[in-house]
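Q: Enclosed is the structure file entry_19.cif (mmCIF, C-alpha atoms and all ligand atoms).
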```
data_my_file
loop_
_atom_site.label_atom_id
_atom_site.label_comp_id
_atom_site.auth_asym_id
_atom_site.auth_seq_id
_atom_site.Cartn_x
_atom_site.Cartn_y
_atom_site.Cartn_z
CA MET A 1 2.72 2.27 55.87
CA ILE A 2 3.17 1.87 59.61
CA ILE A 3 0.26 1.25 61.97
CA GLU A 4 0.25 3.67 64.86
CA LYS A 5 0.19 1.98 68.24
CA ASN A 6 -2.39 4.38 69.61
CA LYS A 7 -4.82 3.34 66.84
CA ILE A 8 -4.58 -0.25 68.04
CA ALA A 9 -4.97 0.80 71.68
CA GLU A 10 -8.02 2.88 70.74
CA PHE A 11 -9.56 -0.09 68.88
CA ASN A 12 -8.85 -2.45 71.80
CA GLY A 13 -10.37 0.04 74.21
CA LEU A 14 -13.65 -0.03 72.30
CA HIS A 15 -13.82 -3.81 72.49
CA SER A 16 -12.25 -4.42 75.90
CA ALA A 17 -15.41 -4.88 78.00
CA ASP A 18 -16.82 -7.51 75.65
CA HIS A 19 -13.45 -9.23 75.43
CA LYS A 20 -12.93 -9.25 79.20
CA ARG A 21 -16.22 -11.03 79.77
CA LYS A 22 -15.46 -13.73 77.20
CA PHE A 23 -11.87 -14.17 78.35
CA GLU A 24 -12.77 -14.56 82.02
CA PHE A 25 -15.28 -17.27 81.12
CA VAL A 26 -12.71 -19.23 79.09
CA ALA A 27 -9.88 -18.65 81.59
CA SER A 28 -11.98 -20.06 84.43
CA GLY A 29 -11.89 -23.44 82.68
CA ILE A 30 -8.11 -23.57 82.18
CA GLN A 31 -5.86 -24.48 85.09
CA ASN A 32 -2.52 -23.08 83.90
CA VAL A 33 -3.90 -20.16 81.96
CA GLU A 34 -0.94 -17.82 82.58
CA GLU A 35 1.53 -20.41 81.33
CA VAL A 36 -0.59 -21.02 78.23
CA LEU A 37 -0.85 -17.28 77.54
CA GLN A 38 2.93 -16.86 77.75
CA LYS A 39 3.45 -19.71 75.28
CA LEU A 40 0.97 -18.10 72.91
CA ILE A 41 2.73 -14.74 73.19
CA ASP A 42 6.11 -16.38 72.45
CA PHE A 43 4.90 -18.38 69.45
CA GLN A 44 5.76 -16.85 66.07
CA VAL A 45 4.83 -17.98 62.58
CA ALA A 46 7.03 -17.01 59.64
CA ILE A 47 5.36 -15.44 56.64
CA PRO A 48 6.70 -16.46 53.23
CA SER A 49 7.60 -13.60 50.93
CA TRP A 50 5.66 -15.23 48.09
CA ALA A 51 2.33 -15.20 49.92
CA LEU A 52 2.02 -11.41 49.99
CA GLY A 53 0.86 -11.17 46.40
CA THR A 54 -2.15 -12.92 44.90
CA GLY A 55 -1.26 -16.45 43.95
CA GLY A 56 -1.79 -17.84 40.52
CA THR A 57 -2.70 -21.24 39.20
CA ARG A 58 -1.47 -22.71 35.96
CA PHE A 59 -4.62 -21.33 34.37
CA GLY A 60 -4.11 -17.74 35.28
CA ARG A 61 -3.46 -15.12 37.85
CA PHE A 62 -5.82 -12.41 38.98
CA ALA A 63 -3.57 -9.80 40.52
CA GLY A 64 -4.85 -7.76 43.42
CA ALA A 65 -4.11 -4.11 43.92
CA GLY A 66 -1.55 -2.51 46.20
CA GLU A 67 0.62 -5.62 46.15
CA PRO A 68 4.21 -5.26 47.32
CA GLY A 69 6.45 -4.52 44.35
CA SER A 70 9.79 -4.90 46.09
CA LEU A 71 11.46 -6.77 48.92
CA GLU A 72 11.18 -3.64 51.07
CA GLN A 73 7.42 -3.57 50.53
CA LYS A 74 7.15 -7.28 51.30
CA LEU A 75 8.89 -6.65 54.62
CA GLU A 76 6.54 -3.76 55.19
CA ASP A 77 3.55 -6.08 54.66
CA VAL A 78 4.86 -8.66 57.12
CA GLY A 79 5.52 -5.80 59.52
CA LEU A 80 1.85 -4.83 59.18
CA LEU A 81 0.72 -8.36 59.95
CA HIS A 82 3.03 -8.52 62.93
CA ALA A 83 1.80 -5.18 64.26
CA LEU A 84 -1.77 -6.49 64.00
CA ASN A 85 -1.26 -9.89 65.65
CA GLN A 86 2.27 -9.91 67.20
CA SER A 87 2.52 -13.51 66.01
CA SER A 88 4.12 -13.00 62.59
CA GLY A 89 7.59 -11.90 63.60
CA ALA A 90 9.55 -13.56 60.81
CA ILE A 91 9.79 -13.65 57.03
CA SER A 92 10.92 -16.53 54.87
CA LEU A 93 12.64 -15.39 51.67
CA HIS A 94 12.70 -17.07 48.33
CA ILE A 95 15.80 -16.77 46.18
CA PRO A 96 16.03 -15.56 43.42
CA TRP A 97 12.69 -13.76 43.81
CA ASP A 98 13.89 -11.76 46.82
CA ILE A 99 17.62 -11.11 46.48
CA PRO A 100 18.47 -8.13 48.71
CA GLU A 101 20.43 -5.34 47.06
CA ASN A 102 21.64 -3.95 50.35
CA TYR A 103 21.84 -6.41 53.24
CA ALA A 104 22.42 -3.77 55.91
CA ALA A 105 19.42 -1.70 54.84
CA ILE A 106 17.13 -4.74 54.68
CA LYS A 107 18.33 -5.95 58.07
CA ALA A 108 17.77 -2.52 59.58
CA GLN A 109 14.25 -2.35 58.15
CA ALA A 110 13.44 -5.83 59.49
CA ALA A 111 14.78 -4.95 62.94
CA GLN A 112 12.67 -1.81 63.01
CA LEU A 113 9.56 -3.88 62.24
CA GLY A 114 10.47 -6.52 64.83
CA LEU A 115 11.06 -9.19 62.16
CA LYS A 116 13.60 -12.00 61.93
CA PHE A 117 14.69 -13.87 58.82
CA ASP A 118 13.47 -17.43 58.87
CA ALA A 119 14.62 -20.24 56.55
CA VAL A 120 15.71 -19.20 53.07
CA ASN A 121 14.30 -21.14 50.15
CA SER A 122 16.11 -22.15 46.97
CA ASN A 123 14.45 -22.48 43.60
CA THR A 124 15.42 -25.08 41.03
CA PHE A 125 11.85 -25.75 39.93
CA GLN A 126 11.89 -23.12 37.20
CA ASP A 127 14.51 -21.71 34.85
CA GLN A 128 15.66 -18.16 35.42
CA LYS A 129 16.60 -15.66 32.74
CA ASP A 130 20.28 -15.96 31.78
CA GLN A 131 20.47 -19.46 33.29
CA ALA A 132 22.96 -21.62 31.36
CA LEU A 133 21.31 -25.04 31.75
CA SER A 134 17.65 -26.04 32.09
CA TYR A 135 15.92 -27.81 34.99
CA LYS A 136 13.30 -29.28 32.67
CA PHE A 137 14.45 -32.81 33.58
CA GLY A 138 15.34 -32.12 37.17
CA SER A 139 18.03 -30.32 39.13
CA LEU A 140 19.84 -32.19 41.91
CA GLN A 141 18.81 -35.52 40.36
CA HIS A 142 19.74 -34.59 36.78
CA VAL A 143 21.53 -37.15 34.59
CA ASN A 144 23.95 -34.40 33.51
CA LYS A 145 26.53 -33.56 36.15
CA ALA A 146 26.81 -29.98 34.88
CA VAL A 147 23.12 -29.34 35.63
CA ARG A 148 23.53 -30.80 39.10
CA LYS A 149 26.55 -28.58 39.67
CA GLN A 150 24.58 -25.50 38.64
CA ALA A 151 21.77 -26.42 41.07
CA ILE A 152 24.24 -27.09 43.89
CA GLU A 153 25.91 -23.73 43.32
CA HIS A 154 22.52 -22.02 43.40
CA ASN A 155 21.75 -23.56 46.79
CA ILE A 156 25.14 -22.48 48.14
CA GLU A 157 24.42 -18.98 46.85
CA VAL A 158 21.11 -19.03 48.74
CA ILE A 159 22.94 -20.00 51.94
CA LYS A 160 25.25 -17.01 51.47
CA HIS A 161 22.32 -14.59 51.10
CA GLY A 162 20.68 -16.11 54.16
CA ALA A 163 23.86 -15.92 56.24
CA GLU A 164 24.13 -12.20 55.46
CA LEU A 165 20.62 -11.68 56.81
CA GLY A 166 20.86 -13.88 59.88
CA SER A 167 18.84 -16.87 58.64
CA LYS A 168 19.75 -20.20 60.16
CA ALA A 169 18.22 -22.70 57.75
CA LEU A 170 17.95 -23.60 54.09
CA THR A 171 14.78 -25.22 52.80
CA VAL A 172 15.21 -27.38 49.73
CA TRP A 173 12.10 -28.32 47.86
CA LEU A 174 12.73 -30.22 44.65
CA ALA A 175 10.33 -30.53 41.75
CA ASP A 176 12.58 -33.38 40.57
CA GLY A 177 10.96 -36.60 39.50
CA SER A 178 9.48 -38.11 36.37
CA CYS A 179 6.21 -37.91 34.50
CA PHE A 180 6.32 -41.29 32.77
CA PRO A 181 7.37 -44.85 33.59
CA GLY A 182 10.82 -45.60 32.31
CA GLN A 183 11.86 -41.95 32.20
CA LEU A 184 14.07 -42.26 35.25
CA ASN A 185 16.23 -44.79 37.00
CA PHE A 186 14.91 -44.34 40.55
CA ARG A 187 18.11 -45.50 42.21
CA LYS A 188 20.36 -43.27 40.13
CA ALA A 189 18.03 -40.31 40.66
CA PHE A 190 18.17 -40.88 44.42
CA GLN A 191 21.96 -41.26 44.45
CA ASN A 192 22.49 -38.14 42.33
CA THR A 193 20.17 -36.18 44.60
CA LEU A 194 21.90 -37.48 47.72
CA GLU A 195 25.37 -36.59 46.40
CA SER A 196 24.15 -33.13 45.41
CA LEU A 197 22.57 -32.60 48.83
CA GLN A 198 25.82 -33.74 50.46
CA GLU A 199 27.71 -30.97 48.67
CA ILE A 200 25.11 -28.42 49.81
CA TYR A 201 25.24 -29.83 53.34
CA ALA A 202 29.02 -29.40 53.37
CA ALA A 203 28.54 -25.69 52.63
CA LEU A 204 26.20 -25.12 55.61
CA PRO A 205 27.57 -22.89 58.38
CA ASP A 206 28.02 -24.71 61.70
CA ASP A 207 24.85 -23.33 63.29
CA TRP A 208 22.64 -23.93 60.23
CA LYS A 209 20.12 -26.63 59.40
CA VAL A 210 18.91 -27.91 56.04
CA PHE A 211 15.25 -28.82 55.65
CA VAL A 212 14.40 -31.44 53.05
CA GLU A 213 10.80 -30.91 51.95
CA TYR A 214 8.88 -33.73 50.30
CA LYS A 215 5.88 -33.74 47.99
CA ALA A 216 3.81 -36.66 46.71
CA PHE A 217 3.13 -35.38 43.20
CA GLU A 218 3.15 -32.28 41.01
CA PRO A 219 4.83 -31.00 38.93
CA ASN A 220 5.94 -34.54 38.22
CA PHE A 221 3.08 -37.02 38.10
CA TYR A 222 4.67 -40.45 37.96
CA SER A 223 7.45 -40.19 40.55
CA MET A 224 8.92 -37.55 42.81
CA THR A 225 12.52 -37.96 43.91
CA VAL A 226 11.64 -36.71 47.39
CA GLY A 227 8.09 -38.00 47.33
CA ASP A 228 7.20 -38.70 50.94
CA TRP A 229 8.43 -38.45 54.50
CA GLY A 230 10.20 -41.80 54.27
CA GLN A 231 12.34 -40.64 51.38
CA SER A 232 12.99 -37.29 53.03
CA LEU A 233 14.00 -39.04 56.25
CA LEU A 234 16.36 -41.31 54.27
CA TYR A 235 18.12 -38.25 52.88
CA ALA A 236 18.15 -36.49 56.24
CA ASN A 237 19.60 -39.53 58.02
CA LYS A 238 22.27 -40.04 55.38
CA LEU A 239 23.18 -36.34 55.36
CA GLY A 240 23.77 -35.96 59.09
CA PRO A 241 22.65 -34.14 62.23
CA LYS A 242 22.00 -30.78 60.56
CA ALA A 243 19.47 -32.27 58.11
CA TYR A 244 15.77 -32.56 58.90
CA THR A 245 12.47 -33.43 57.26
CA LEU A 246 10.09 -30.58 56.52
CA VAL A 247 6.36 -31.31 56.53
CA ASP A 248 4.19 -29.28 54.19
CA LEU A 249 0.56 -30.07 55.01
CA GLY A 250 -0.47 -30.04 51.34
CA HIS A 251 2.21 -32.44 50.13
CA HIS A 252 0.60 -35.76 50.99
CA LEU A 253 -1.61 -38.21 49.18
CA PRO A 254 -5.28 -37.87 50.20
CA ASN A 255 -6.14 -38.93 53.75
CA ALA A 256 -2.53 -39.42 54.86
CA ASN A 257 -2.28 -39.49 58.65
CA ILE A 258 -0.10 -36.39 58.99
CA GLU A 259 -0.33 -36.33 62.78
CA GLN A 260 1.25 -39.77 62.95
CA ILE A 261 4.03 -38.72 60.55
CA VAL A 262 4.73 -35.71 62.75
CA SER A 263 4.78 -37.78 65.92
CA LEU A 264 7.34 -40.26 64.56
CA LEU A 265 9.59 -37.62 62.98
CA LEU A 266 9.64 -35.80 66.31
CA MET A 267 10.44 -39.03 68.11
CA GLU A 268 13.43 -39.49 65.81
CA GLY A 269 14.58 -35.89 66.34
CA LYS A 270 14.27 -35.31 62.61
CA LEU A 271 11.29 -32.99 62.31
CA ALA A 272 12.40 -29.63 60.87
CA GLY A 273 9.10 -27.88 61.10
CA PHE A 274 6.14 -26.95 58.98
CA HIS A 275 4.74 -25.35 55.94
CA PHE A 276 1.15 -24.68 56.98
CA ASN A 277 -1.74 -24.52 54.54
CA ASP A 278 -4.94 -26.44 53.96
CA SER A 279 -6.33 -28.49 51.13
CA LYS A 280 -9.33 -30.43 49.96
CA TYR A 281 -7.76 -32.42 47.12
CA GLY A 282 -4.03 -31.91 46.63
CA ASP A 283 -1.56 -29.11 47.16
CA ASP A 284 -4.40 -26.59 47.13
CA ASP A 285 -2.54 -23.94 49.17
CA LEU A 286 -5.73 -22.81 50.88
CA THR A 287 -5.95 -20.80 54.10
CA VAL A 288 -4.75 -22.77 57.13
CA GLY A 289 -7.68 -24.31 59.00
CA SER A 290 -10.22 -23.47 56.31
CA ILE A 291 -11.01 -27.07 55.32
CA LYS A 292 -9.78 -29.46 58.02
CA PRO A 293 -9.43 -27.64 61.34
CA TYR A 294 -9.76 -30.88 63.33
CA GLN A 295 -6.77 -32.35 61.52
CA LEU A 296 -4.77 -29.22 62.31
CA PHE A 297 -5.65 -29.58 65.98
CA LEU A 298 -4.66 -33.27 65.97
CA ILE A 299 -1.32 -32.33 64.41
CA PHE A 300 -0.69 -29.71 67.08
CA ASN A 301 -1.74 -32.18 69.72
CA GLU A 302 1.06 -34.51 68.58
CA LEU A 303 3.47 -31.60 68.30
CA VAL A 304 2.92 -30.39 71.85
CA GLU A 305 2.98 -33.92 73.26
CA GLY A 306 6.12 -34.83 71.30
CA MET A 307 7.99 -31.58 71.96
CA ASP A 308 7.24 -31.81 75.68
CA ALA A 309 8.43 -35.42 75.72
CA ARG A 310 11.78 -34.22 74.36
CA GLY A 311 11.91 -31.07 76.50
CA MET A 312 11.85 -28.83 73.44
CA ASN A 313 11.09 -25.12 73.29
CA HIS A 314 7.84 -24.79 71.33
CA ALA A 315 8.65 -21.36 69.97
CA THR A 316 12.22 -21.87 68.80
CA ASP A 317 13.11 -25.52 68.30
CA LEU A 318 11.05 -26.10 65.17
CA GLY A 319 10.43 -23.95 62.09
CA TRP A 320 6.87 -22.64 61.79
CA MET A 321 6.02 -21.25 58.39
CA ILE A 322 2.99 -20.65 56.27
CA ASP A 323 3.17 -21.84 52.66
CA ALA A 324 -0.07 -20.88 50.99
CA SER A 325 -1.10 -18.54 48.26
CA HIS A 326 -4.17 -18.39 46.11
CA ASN A 327 -6.43 -16.47 43.87
CA VAL A 328 -9.51 -15.16 45.56
CA LYS A 329 -8.67 -13.42 48.85
CA ASP A 330 -6.71 -10.36 49.85
CA PRO A 331 -3.34 -11.96 50.72
CA LEU A 332 -2.98 -10.03 53.99
CA GLU A 333 -6.48 -10.95 55.16
CA ASP A 334 -5.77 -14.54 54.18
CA LEU A 335 -2.54 -14.56 56.22
CA LEU A 336 -4.30 -13.09 59.25
CA GLN A 337 -6.81 -15.93 59.04
CA SER A 338 -4.04 -18.51 58.67
CA VAL A 339 -2.06 -17.27 61.66
CA GLU A 340 -5.26 -17.16 63.73
CA ALA A 341 -6.01 -20.79 62.82
CA ILE A 342 -2.49 -21.86 63.78
CA MET A 343 -2.63 -20.04 67.11
CA LEU A 344 -6.04 -21.51 67.86
CA SER A 345 -4.90 -25.08 67.18
CA TYR A 346 -1.78 -24.52 69.24
CA ALA A 347 -3.85 -23.13 72.13
CA GLN A 348 -6.18 -26.12 71.94
CA ALA A 349 -3.24 -28.53 72.01
CA LEU A 350 -1.82 -26.73 75.04
CA THR A 351 -5.07 -27.19 76.94
CA VAL A 352 -5.66 -30.90 76.26
CA ASP A 353 -6.10 -32.79 79.53
CA ARG A 354 -3.01 -34.89 78.88
CA LYS A 355 -3.05 -36.76 82.16
CA SER A 356 -6.57 -38.03 81.55
CA LEU A 357 -5.74 -38.80 77.93
CA ASN A 358 -2.75 -40.90 78.97
CA ALA A 359 -4.90 -42.72 81.52
CA ALA A 360 -7.59 -43.39 78.91
CA GLN A 361 -4.96 -44.73 76.50
CA ASP A 362 -3.47 -47.01 79.15
CA ALA A 363 -6.93 -48.33 80.02
CA ASN A 364 -7.90 -48.83 76.35
CA ASP A 365 -10.82 -46.50 77.01
CA VAL A 366 -11.35 -45.46 73.42
CA VAL A 367 -14.50 -43.51 74.13
CA ALA A 368 -12.89 -41.43 76.88
CA ALA A 369 -9.86 -40.70 74.68
CA GLN A 370 -12.09 -39.36 71.92
CA GLU A 371 -14.16 -37.34 74.40
CA ILE A 372 -11.03 -35.68 75.84
CA LEU A 373 -9.75 -34.58 72.44
CA GLN A 374 -13.10 -33.46 71.11
CA ASN A 375 -14.00 -31.66 74.30
CA THR A 376 -10.91 -29.51 73.83
CA PHE A 377 -11.48 -29.05 70.11
CA ARG A 378 -15.05 -27.90 70.70
CA THR A 379 -14.09 -25.37 73.35
CA ASP A 380 -13.99 -21.88 71.89
CA LEU A 381 -10.52 -20.58 72.76
CA ARG A 382 -10.64 -17.49 70.58
CA PRO A 383 -10.80 -15.16 73.62
CA LEU A 384 -7.57 -16.76 74.87
CA ILE A 385 -5.77 -15.92 71.61
CA ALA A 386 -7.21 -12.43 71.77
CA GLU A 387 -5.94 -12.00 75.33
CA ALA A 388 -2.43 -13.07 74.26
CA ARG A 389 -2.61 -10.50 71.48
CA LEU A 390 -3.84 -7.81 73.84
CA ARG A 391 -0.94 -8.43 76.23
CA GLY A 392 1.52 -8.37 73.33
CA GLY A 393 0.26 -5.01 72.12
CA ALA A 394 -1.62 -6.38 69.09
CA ALA A 395 -5.21 -5.87 68.02
CA LEU A 396 -7.96 -7.84 69.76
CA ASN A 397 -9.37 -8.63 66.33
CA PRO A 398 -6.74 -8.08 63.61
CA LEU A 399 -9.02 -8.75 60.66
CA GLN A 400 -11.67 -6.34 61.86
CA PHE A 401 -9.01 -3.71 62.49
CA PHE A 402 -7.54 -4.29 59.01
CA ARG A 403 -10.94 -3.68 57.42
CA GLU A 404 -12.07 -0.78 59.61
CA GLN A 405 -8.79 1.05 59.12
CA LYS A 406 -8.97 0.43 55.36
CA ILE A 407 -5.40 -0.79 55.28
CA ARG A 408 -5.58 -2.27 51.79
CA GLU A 409 -7.06 0.97 50.47
CA GLN A 410 -4.14 2.85 51.99
CA LEU A 411 -1.66 0.44 50.40
CA ILE A 412 -3.34 0.92 47.03
CA LYS A 413 -3.05 4.67 47.46
CA GLU A 414 0.68 4.29 48.18
CA ARG A 415 1.53 1.62 45.64
CA GLY A 416 -1.10 1.88 42.94
CA THR A 417 -3.23 -0.79 41.36
CA LYS A 418 -0.70 -2.25 38.95
CA THR A 419 2.10 -3.49 41.21
CA ILE A 420 2.81 -7.18 40.95
CA ALA A 421 4.61 -9.11 43.65
CA THR A 422 7.56 -11.13 42.43
CA GLY A 423 6.96 -14.84 42.55
CA LEU A 424 5.09 -17.35 40.48
MN MN B 501 6.09 -25.93 51.05
#
```
Starting from the coordinates I provided, produce the structure as structure tokens.
A:
Amino acid sequence: MIIEKNKIAEFNGLHSADHKRKFEFVASGIQNVEEVLQKLIDFQVAIPSWALGTGGTRFGRFAGAGEPGSLEQKLEDVGLLHALNQSSGAISLHIPWDIPENYAAIKAQAAQLGLKFDAVNSNTFQDQKDQALSYKFGSLQHVNKAVRKQAIEHNIEVIKHGAELGSKALTVWLADGSCFPGQLNFRKAFQNTLESLQEIYAALPDDWKVFVEYKAFEPNFYSMTVGDWGQSLLYANKLGPKAYTLVDLGHHLPNANIEQIVSLLLMEGKLAGFHFNDSKYGDDDLTVGSIKPYQLFLIFNELVEGMDARGMNHATDLGWMIDASHNVKDPLEDLLQSVEAIMLSYAQALTVDRKSLNAAQDANDVVAAQEILQNTFRTDLRPLIAEARLRGGAALNPLQFFREQKIREQLIKERGTKTIATGL
């Protein structure tokens, strides 16, 4: 389904007086409000193709209704999100779940919906039907060279699909590691992984990047071969200038200082970008900003400060992706909430009084530094996000529009109740 522009305009019209009042109040407190609004309009968050269906856990999956049953329908769903918020203008595909049958047709559909193809993701964490060798004991790290070769070839295949669609990056997340002490020689596992990544790196087109994602634990519970940002950075440094470290918010041990990790990776020019989600315990894949919104703000604060220090373009120089998927919400509503949380944290970071913060830091005025950050965090900037949406032609309140227009009900009518999105 396609959302008619006049429906959005009609909805915005009904809410414009209330919005205007709230926006003018917020805008009066922000010096460079026009500049901030333009940055918000430019900022786009990629939606992963696997988040459009209800996620499962290892205990079960409770499928929703009207889920996208094909790549075309997944694009259609991201197109819906983008029409509602004008901040979801890209899709991140997962191979082999989303192999296009007709590149030209898929590209044409994406262009019509205003969508770009973000990083493509390989999958060596599960065995596919008709696969010759198993990844049970790892892929790029495997003790058997033939398994490594198969995994390398898969990644090169993923690059080819991505190149056809106009993607510019490959994300490699490895489930490789070990579950028990003694299972693995750490050094050999690292070397095998490095050599495998070097072969993949050699196959990258000139204008491509490779993102090396790390994860502290799960599915392996004793060691992970790319277990933290230090290990990822080691690989990225050894690989070369097209290799970067990807930070997934859920892939750390509890209480890790992610904002500091981000700051240092940016300083080194090795931060690829993000997989946004939120978590209480581990890799919970919950809606962005649902558990620790202050942490998200602190991360964006470092991002804005670090990107500005390097003269980077906020919208295009890093990869911004959501990586979340779970059991209990409508996936489209969940994604609207996630994008909103990201935009809000970004807006807050853009409005931090940086001059005063720097002065407080230089004077060791700890109290003032905390006040500056918390003052920004506690300022309600939702009308600012809404204004950016309004100017971009999106809905003032995407979630409310989604519900009032009964979009899920319409999707169920079109697709039925039994469709299941490809993925886990
Ligand atoms: Mn991830």
Q: In Å to one decimal, how far is atom CA of A:Met343 from atom CA of A:Val367?
A: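 For atom CA of A:Val367 relative to atom CA of A:Met343, the distance reads 27.2 Å.
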Q: Could you list the protein, DNA and RNA residues that have any atom within 12 Å of ligand MN 501 (chain B), counting all atoms listed in the file, and write them as JSON, numbers by chain?
A: {"A": [47, 48, 50, 51, 92, 94, 119, 120, 121, 122, 123, 171, 172, 173, 174, 175, 211, 212, 213, 214, 215, 216, 245, 246, 247, 248, 249, 250, 251, 252, 273, 274, 275, 276, 277, 278, 283, 284, 285, 320, 321, 322, 323, 324, 325]}
Q: Please provide as a PyMOL selection string all residues within 12 Å of A:Arg378, with the sequence filter that same-chain residues fewer than 6 positions apart are discarded (counting all atoms listed in the file).
A: chain A and resi 293-294+297+344-345+348-349+351-352+370-372
Q: Could you jot down the atom CA of A:Glu4 to atom CA of A:Leu52 separation for me, Å, one decimal place?
A: 21.3 Å
Q: Kindly give the distance, in Å, that separates atom CA of A:Gln112 and atom CA of A:Gly166, rounded to a single decimal.
A: 14.9 Å
Q: With only C-alpha atoms as the atoms that count, which of A:Ile200, A:Glu404, A:Ser223, A:His161 lies nearest to A:Asn185?
A: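 Closest to A:Asn185 of all the choices is A:Ser223.
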Q: Let me make sure I understand: among A:Gly240, A:Gly29, A:Gly66, A:Gly177, which one has the smallest atom-to-atom distance to A:Glu218 if we use all atoms listed in the file?
A: A:Gly177
Q: With all atoms listed in the file as the atoms that count, which of A:Ala169, A:Ile106, A:Leu140, A:Ala46 lies nearest to A:Glu199?
A: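 Between A:Ala169, A:Ile106, A:Leu140, A:Ala46, the residue approaching A:Glu199 most closely is A:Leu140.
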Q: Using only C-alpha atoms for the distances, tell me which of A:Leu81, A:Leu373, A:Val26, A:Ala63 is nearest to A:Val328.
A: A:Ala63
Q: Just add N, CA and C atoms to stretch 285-301 of chain A and send it as a PDB file, keeping the file's coordinate frame.
A:
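Saved the output as rebuild-v4.pdb:
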```pdb
ATOM      1  N   ASP A 285      -3.056 -25.216  48.636  1.00  0.00           N
ATOM      2  CA  ASP A 285      -2.540 -23.940  49.170  1.00  0.00           C
ATOM      3  C   ASP A 285      -3.633 -23.032  49.711  1.00  0.00           C
ATOM      4  N   LEU A 286      -4.640 -23.618  50.330  1.00  0.00           N
ATOM      5  CA  LEU A 286      -5.730 -22.810  50.880  1.00  0.00           C
ATOM      6  C   LEU A 286      -5.373 -22.319  52.286  1.00  0.00           C
ATOM      7  N   THR A 287      -6.162 -21.379  52.775  1.00  0.00           N
ATOM      8  CA  THR A 287      -5.950 -20.800  54.100  1.00  0.00           C
ATOM      9  C   THR A 287      -5.889 -21.888  55.164  1.00  0.00           C
ATOM     10  N   VAL A 288      -4.915 -21.784  56.053  1.00  0.00           N
ATOM     11  CA  VAL A 288      -4.750 -22.770  57.130  1.00  0.00           C
ATOM     12  C   VAL A 288      -6.067 -22.872  57.924  1.00  0.00           C
ATOM     13  N   GLY A 289      -6.492 -24.096  58.173  1.00  0.00           N
ATOM     14  CA  GLY A 289      -7.680 -24.310  59.000  1.00  0.00           C
ATOM     15  C   GLY A 289      -9.000 -24.081  58.293  1.00  0.00           C
ATOM     16  N   SER A 290      -8.966 -23.792  56.995  1.00  0.00           N
ATOM     17  CA  SER A 290     -10.220 -23.470  56.310  1.00  0.00           C
ATOM     18  C   SER A 290     -11.008 -24.718  55.920  1.00  0.00           C
ATOM     19  N   ILE A 291     -10.332 -25.848  55.777  1.00  0.00           N
ATOM     20  CA  ILE A 291     -11.010 -27.070  55.320  1.00  0.00           C
ATOM     21  C   ILE A 291     -11.032 -28.134  56.423  1.00  0.00           C
ATOM     22  N   LYS A 292      -9.863 -28.375  57.042  1.00  0.00           N
ATOM     23  CA  LYS A 292      -9.780 -29.460  58.020  1.00  0.00           C
ATOM     24  C   LYS A 292      -9.220 -28.979  59.354  1.00  0.00           C
ATOM     25  N   PRO A 293      -9.959 -28.152  60.066  1.00  0.00           N
ATOM     26  CA  PRO A 293      -9.430 -27.640  61.340  1.00  0.00           C
ATOM     27  C   PRO A 293      -9.189 -28.736  62.381  1.00  0.00           C
ATOM     28  N   TYR A 294      -9.971 -29.813  62.331  1.00  0.00           N
ATOM     29  CA  TYR A 294      -9.760 -30.880  63.330  1.00  0.00           C
ATOM     30  C   TYR A 294      -8.408 -31.557  63.099  1.00  0.00           C
ATOM     31  N   GLN A 295      -8.072 -31.757  61.832  1.00  0.00           N
ATOM     32  CA  GLN A 295      -6.770 -32.350  61.520  1.00  0.00           C
ATOM     33  C   GLN A 295      -5.633 -31.450  62.030  1.00  0.00           C
ATOM     34  N   LEU A 296      -5.801 -30.162  61.844  1.00  0.00           N
ATOM     35  CA  LEU A 296      -4.770 -29.220  62.310  1.00  0.00           C
ATOM     36  C   LEU A 296      -4.602 -29.320  63.827  1.00  0.00           C
ATOM     37  N   PHE A 297      -5.715 -29.418  64.520  1.00  0.00           N
ATOM     38  CA  PHE A 297      -5.650 -29.580  65.980  1.00  0.00           C
ATOM     39  C   PHE A 297      -4.947 -30.898  66.349  1.00  0.00           C
ATOM     40  N   LEU A 298      -5.279 -31.972  65.652  1.00  0.00           N
ATOM     41  CA  LEU A 298      -4.660 -33.270  65.970  1.00  0.00           C
ATOM     42  C   LEU A 298      -3.152 -33.231  65.712  1.00  0.00           C
ATOM     43  N   ILE A 299      -2.745 -32.500  64.692  1.00  0.00           N
ATOM     44  CA  ILE A 299      -1.320 -32.330  64.410  1.00  0.00           C
ATOM     45  C   ILE A 299      -0.653 -31.575  65.559  1.00  0.00           C
ATOM     46  N   PHE A 300      -1.266 -30.477  65.974  1.00  0.00           N
ATOM     47  CA  PHE A 300      -0.690 -29.710  67.080  1.00  0.00           C
ATOM     48  C   PHE A 300      -0.692 -30.508  68.383  1.00  0.00           C
ATOM     49  N   ASN A 301      -1.691 -31.335  68.537  1.00  0.00           N
ATOM     50  CA  ASN A 301      -1.740 -32.180  69.720  1.00  0.00           C
ATOM     51  C   ASN A 301      -0.501 -33.085  69.777  1.00  0.00           C
TER      52      ASN A 301
END
```
